[in-house]
$ cat query36.pdb   # PDB, C-alpha atoms
MODEL        1
ATOM      1  CA  MET A   1     132.546 101.467  92.538
ATOM      2  CA  THR A   2     134.322 100.506  95.721
ATOM      3  CA  GLU A   3     137.645  99.913  94.034
ATOM      4  CA  ARG A   4     140.327 102.549  94.397
ATOM      5  CA  LYS A   5     141.712 104.592  91.538
ATOM      6  CA  PRO A   6     144.899 102.997  90.264
ATOM      7  CA  LEU A   7     148.064 105.076  90.352
ATOM      8  CA  GLY A   8     149.029 106.782  87.137
ATOM      9  CA  VAL A   9     145.456 106.900  85.751
ATOM     10  CA  SER A  10     143.701 110.242  85.564
ATOM     11  CA  PHE A  11     140.388 110.620  87.371
ATOM     12  CA  GLU A  12     138.524 111.412  84.166
ATOM     13  CA  SER A  13     139.623 108.290  82.294
ATOM     14  CA  TRP A  14     139.076 106.089  85.373
ATOM     15  CA  ILE A  15     135.517 107.447  85.860
ATOM     16  CA  ASP A  16     134.754 107.146  82.136
ATOM     17  CA  ARG A  17     135.888 103.519  82.200
ATOM     18  CA  GLN A  18     133.640 102.720  85.214
ATOM     19  CA  ILE A  19     130.643 104.340  83.529
ATOM     20  CA  ARG A  20     131.290 102.473  80.275
ATOM     21  CA  GLU A  21     131.580  99.124  82.119
ATOM     22  CA  ALA A  22     128.395  99.769  84.110
ATOM     23  CA  THR A  23     126.577 100.655  80.876
ATOM     24  CA  GLU A  24     127.774  97.424  79.291
ATOM     25  CA  ARG A  25     126.528  95.452  82.305
ATOM     26  CA  GLY A  26     123.110  97.171  81.939
ATOM     27  CA  GLU A  27     123.056  98.869  85.330
ATOM     28  CA  PHE A  28     121.575 102.056  83.832
ATOM     29  CA  ASP A  29     118.793 100.343  81.846
ATOM     30  CA  ASP A  30     115.847 100.510  84.280
ATOM     31  CA  LEU A  31     116.410 103.832  85.998
ATOM     32  CA  PRO A  32     113.300 105.901  86.846
ATOM     33  CA  GLY A  33     112.792 108.778  84.425
ATOM     34  CA  ALA A  34     114.637 107.049  81.578
ATOM     35  CA  GLY A  35     113.650 108.629  78.268
ATOM     36  CA  LYS A  36     111.829 111.522  79.924
ATOM     37  CA  PRO A  37     112.942 115.157  79.730
ATOM     38  CA  ILE A  38     114.762 116.612  82.711
ATOM     39  CA  PRO A  39     112.245 118.561  84.830
ATOM     40  CA  GLY A  40     112.848 122.301  84.883
ATOM     41  CA  GLN A  41     115.066 122.213  81.793
ATOM     42  CA  GLY A  42     114.863 125.559  79.972
ATOM     43  CA  GLU A  43     113.258 127.424  82.882
ATOM     44  CA  PRO A  44     115.027 130.354  84.537
ATOM     45  CA  HIS A  45     117.095 129.527  87.615
ATOM     46  CA  ASP A  46     115.099 129.625  90.843
ATOM     47  CA  GLU A  47     116.926 129.561  94.168
ATOM     48  CA  MET A  48     113.892 128.064  95.926
ATOM     49  CA  TRP A  49     113.346 125.237  93.409
ATOM     50  CA  TRP A  50     113.867 122.513  95.985
ATOM     51  CA  ILE A  51     111.315 124.015  98.379
ATOM     52  CA  LYS A  52     108.720 124.284  95.619
ATOM     53  CA  GLN A  53     109.436 120.727  94.490
ATOM     54  CA  LYS A  54     109.008 119.398  98.050
ATOM     55  CA  MET A  55     105.767 121.313  98.504
ATOM     56  CA  ARG A  56     104.390 119.905  95.228
ATOM     57  CA  ALA A  57     105.413 116.381  96.257
ATOM     58  CA  GLU A  58     103.772 116.780  99.688
ATOM     59  CA  ASN A  59     100.698 118.526  98.195
ATOM     60  CA  LEU A  60     101.214 121.598 100.388
ATOM     61  CA  SER A  61     100.622 125.261  99.682
ATOM     62  CA  PHE A  62     102.668 128.290 100.634
ATOM     63  CA  PRO A  63     101.640 129.717 103.985
ATOM     64  CA  LEU A  64      99.349 132.691 103.650
ATOM     65  CA  PRO A  65      99.482 135.765 105.875
ATOM     66  CA  GLY A  66      97.131 135.543 108.861
ATOM     67  CA  THR A  67      94.340 137.718 107.461
ATOM     68  CA  LEU A  68      94.264 135.921 104.115
ATOM     69  CA  ALA A  69      94.486 132.499 105.785
ATOM     70  CA  LEU A  70      91.458 133.433 107.930
ATOM     71  CA  ARG A  71      89.510 134.470 104.834
ATOM     72  CA  LYS A  72      90.381 131.196 103.080
ATOM     73  CA  GLU A  73      89.454 129.199 106.191
ATOM     74  CA  ALA A  74      86.095 131.031 106.370
ATOM     75  CA  GLU A  75      85.327 130.137 102.749
ATOM     76  CA  GLU A  76      86.242 126.495 103.390
ATOM     77  CA  ALA A  77      84.133 126.422 106.578
ATOM     78  CA  ARG A  78      81.118 127.786 104.690
ATOM     79  CA  ALA A  79      81.533 125.105 101.999
ATOM     80  CA  GLU A  80      81.948 122.435 104.690
ATOM     81  CA  ALA A  81      78.803 123.654 106.460
ATOM     82  CA  LEU A  82      76.792 123.425 103.249
ATOM     83  CA  GLY A  83      78.011 119.850 102.796
ATOM     84  CA  ALA A  84      77.225 118.832 106.395
ATOM     85  CA  ARG A  85      74.863 115.945 107.104
ATOM     86  CA  THR A  86      72.507 117.831 109.392
ATOM     87  CA  GLU A  87      71.449 121.429 109.845
ATOM     88  CA  ALA A  88      72.699 121.334 113.442
ATOM     89  CA  GLU A  89      76.142 120.292 112.235
ATOM     90  CA  ALA A  90      76.121 123.106 109.654
ATOM     91  CA  ARG A  91      75.244 125.599 112.390
ATOM     92  CA  ARG A  92      78.006 124.219 114.653
ATOM     93  CA  ILE A  93      80.652 124.566 111.909
ATOM     94  CA  THR A  94      79.531 128.130 111.202
ATOM     95  CA  GLU A  95      79.540 129.087 114.900
ATOM     96  CA  GLU A  96      83.058 127.670 115.365
ATOM     97  CA  MET A  97      84.300 129.749 112.431
ATOM     98  CA  ASN A  98      82.568 132.841 113.787
ATOM     99  CA  ALA A  99      84.381 132.308 117.106
ATOM    100  CA  LYS A 100      87.727 132.287 115.245
ATOM    101  CA  ILE A 101      86.748 135.464 113.392
ATOM    102  CA  ARG A 102      85.810 137.173 116.675
ATOM    103  CA  ASP A 103      89.217 136.174 118.099
ATOM    104  CA  SER A 104      90.891 137.759 115.076
ATOM    105  CA  TYR A 105      89.123 141.037 115.917
ATOM    106  CA  ARG A 106      90.779 141.024 119.365
ATOM    107  CA  THR A 107      94.293 140.051 118.255
ATOM    108  CA  PRO A 108      96.093 141.566 115.286
ATOM    109  CA  LEU A 109      96.967 139.170 112.487
ATOM    110  CA  SER A 110      99.845 139.428 110.059
ATOM    111  CA  GLY A 111      99.234 140.417 106.476
ATOM    112  CA  PRO A 112      97.235 143.085 104.731
ATOM    113  CA  PRO A 113      94.514 144.738 106.796
ATOM    114  CA  VAL A 114      91.442 142.744 105.817
ATOM    115  CA  VAL A 115      88.379 142.651 108.057
ATOM    116  CA  GLN A 116      86.613 139.321 107.726
ATOM    117  CA  PRO A 117      82.874 139.696 108.348
ATOM    118  CA  LEU A 118      81.067 137.134 110.492
ATOM    119  CA  ILE A 119      79.239 134.370 108.659
ATOM    120  CA  ASP A 120      75.450 134.653 108.964
ATOM    121  CA  VAL A 121      74.395 131.382 110.609
ATOM    122  CA  ASP A 122      70.741 131.677 109.567
ATOM    123  CA  GLU A 123      71.730 132.369 105.961
ATOM    124  CA  VAL A 124      73.954 129.275 105.884
ATOM    125  CA  ALA A 125      71.169 127.218 107.479
ATOM    126  CA  ALA A 126      68.696 128.446 104.845
ATOM    127  CA  GLU A 127      71.137 127.528 102.051
ATOM    128  CA  TRP A 128      71.677 124.135 103.678
ATOM    129  CA  ARG A 129      67.894 123.526 103.764
ATOM    130  CA  ALA A 130      67.630 124.525 100.101
ATOM    131  CA  LEU A 131      70.375 122.054  99.171
ATOM    132  CA  HIS A 132      68.936 119.263 101.335
ATOM    133  CA  PRO A 133      65.143 119.183 100.815
ATOM    134  CA  VAL A 134      63.180 116.902 103.111
ATOM    135  CA  ALA A 135      61.818 113.949 101.205
ATOM    136  CA  GLU A 136      58.140 113.260 101.708
ATOM    137  CA  LYS A 137      57.450 110.114 103.640
ATOM    138  CA  LYS A 138      56.008 107.311 101.562
ATOM    139  CA  PRO A 139      53.376 105.043 103.075
ATOM    140  CA  ALA A 140      54.826 101.855 104.452
ATOM    141  CA  PRO A 141      54.361  98.762 102.306
ATOM    142  CA  PRO A 142      51.664  96.350 103.474
ATOM    143  CA  LYS A 143      52.859  93.883 106.074
ATOM    144  CA  ASP A 144      53.167  90.212 105.270
ATOM    145  CA  PRO A 145      50.656  88.334 107.453
ATOM    146  CA  LYS A 146      53.146  85.511 107.874
ATOM    147  CA  ASP A 147      55.910  87.832 109.118
ATOM    148  CA  PRO A 148      56.951  86.653 112.641
ATOM    149  CA  LYS A 149      58.042  90.174 113.627
ATOM    150  CA  ASP A 150      54.614  91.719 112.938
ATOM    151  CA  PRO A 151      53.207  92.987 116.290
ATOM    152  CA  LYS A 152      49.580  92.562 115.097
ATOM    153  CA  ARG A 153      50.028  88.884 114.302
ATOM    154  CA  PRO A 154      48.203  86.596 116.753
ATOM    155  CA  LYS A 155      50.601  84.822 119.069
ATOM    156  CA  ARG A 156      50.612  81.135 119.869
ATOM    157  CA  PRO A 157      49.713  80.187 123.399
ATOM    158  CA  LYS A 158      52.775  79.555 125.520
ATOM    159  CA  ARG A 159      53.538  76.030 126.673
ATOM    160  CA  PRO A 160      53.948  75.487 130.357
ATOM    161  CA  LYS A 161      57.560  75.409 131.442
ATOM    162  CA  ARG A 162      58.943  71.986 132.187
ATOM    163  CA  SER A 163      61.339  71.252 134.934
ATOM    164  CA  PHE A 164      64.637  69.551 134.268
ATOM    165  CA  LEU A 165      63.650  67.116 137.041
ATOM    166  CA  ARG A 166      61.312  65.375 134.578
ATOM    167  CA  TRP A 167      64.324  63.413 133.416
ATOM    168  CA  PHE A 168      64.556  61.850 136.843
ATOM    169  CA  GLY A 169      60.872  60.935 137.034
ATOM    170  CA  ARG A 170      59.889  63.795 139.356
ATOM    171  CA  ARG A 171      57.919  66.892 138.533
TER     172      ARG A 171
ENDMDL
END
$ encode --input "query36.pdb" --output "structure tokens"
Amino acid sequence: MTERKPLGVSFESWIDRQIREATERGEFDDLPGAGKPIPGQGEPHDEMWWIKQKMRAENLSFPLPGTLALRKEAEEARAEALGARTEAEARRITEEMNAKIRDSYRTPLSGPPVVQPLIDVDEVAAEWRALHPVAEKKPAPPKDPKDPKDPKRPKRPKRPKRSFLRWFGRR
């Protein structure tokens, strides 16, 4: 491909010859997408196709207007609170979202006029408790009498400490 076009040869025949030679050498054999249909073939032309393709590849979504983004964030926060490990964490998540909602009351957001109600913290906590019932405590299994970590096990009497001077014949 780095060679120059010879004089007197048309571009089309020179390019066709390079493609034919590359095909004979097998340079087009293992290309990604070989044998698959061309994506978007048969669909109407979309001027923003490359943006949509990039967003699909990056697993992104189109930005929502402020009011709708707040509503979506509130729904996600409620679901996150219900999946929290502790009730205190669920309450914290809900309170943080309520603070964002209160801020939205003070500052106008873009998008359709939608008033997002505050999330009821006690209601979320009650749902969290219903989803996470407290397991009853089972009695502890009987202790092994030979277990050295058992605090009720009788201890051996301690030996008197010896001095390192015993090696030299003095005590």
$ residues_around --input "query36.pdb" --residues "Glu96 (chain A)" --least-positions-apart "4" --cutoff "12 Å" --atoms "all atoms listed in the file" --output "PyMOL selection string"
chain A and resi 73-74+77-78+80-81+89-92+100-103+118-119+121
$ write_last_selection --input "query36.pdb" --atoms "C-alpha atoms" --output "CSV table (one decimal), in the frame of the given file"
chain,number,residue,atom,x,y,z
A,73,GLU,CA,89.5,129.2,106.2
A,74,ALA,CA,86.1,131.0,106.4
A,77,ALA,CA,84.1,126.4,106.6
A,78,ARG,CA,81.1,127.8,104.7
A,80,GLU,CA,81.9,122.4,104.7
A,81,ALA,CA,78.8,123.7,106.5
A,89,GLU,CA,76.1,120.3,112.2
A,90,ALA,CA,76.1,123.1,109.7
A,91,ARG,CA,75.2,125.6,112.4
A,92,ARG,CA,78.0,124.2,114.7
A,100,LYS,CA,87.7,132.3,115.2
A,101,ILE,CA,86.7,135.5,113.4
A,102,ARG,CA,85.8,137.2,116.7
A,103,ASP,CA,89.2,136.2,118.1
A,118,LEU,CA,81.1,137.1,110.5
A,119,ILE,CA,79.2,134.4,108.7
A,121,VAL,CA,74.4,131.4,110.6
$ closest_residue --input "query36.pdb" --among "A:Ile19, A:Val115, A:Ala69, A:Ala125" --to "Thr94 (chain A)" --atoms "all atoms listed in the file"
A:Ala125
$ atom_distance --input "query36.pdb" --atom1 "CA of Arg4 (chain A)" --atom2 "CA of Arg20 (chain A)"
16.8 Å
$ atom_distance --input "query36.pdb" --atom1 "CA of Leu68 (chain A)" --atom2 "CA of Met48 (chain A)"
22.7 Å
$ atom_distance --input "query36.pdb" --atom1 "CA of Lys72 (chain A)" --atom2 "CA of Lys52 (chain A)"
21.0 Å
$ axis_aligned_box --input "query36.pdb" --around "region 45-56 of chain A" --padding-each-side "6 Å" --output "JSON"
{"center_x": 110.7, "center_y": 124.5, "center_z": 93.1, "size_x": 24.7, "size_y": 22.2, "size_z": 22.9}
$ residues_around --input "query36.pdb" --residues "His132 (chain A)" --least-positions-apart "5" --cutoff "9 Å" --atoms "all atoms listed in the file" --output "ChimeraX atom specification"
/A:85-86,127
$ closest_residue --input "query36.pdb" --among "A:Gln53, A:Asn59, A:Gln18, A:Thr67" --to "Thr107 (chain A)" --atoms "only C-alpha atoms"
A:Thr67
$ residues_near_point --input "query36.pdb" --point "(71.8, 120.8, 104.5)" --cutoff "7 Å" --atoms "only C-alpha atoms" --output "PyMOL selection string"
chain A and resi 82-87+128-129+131-132
$ closest_residue --input "query36.pdb" --among "A:Ser10, A:Val134, A:Asn98, A:Asp29" --to "Pro117 (chain A)" --atoms "all atoms listed in the file"
A:Asn98
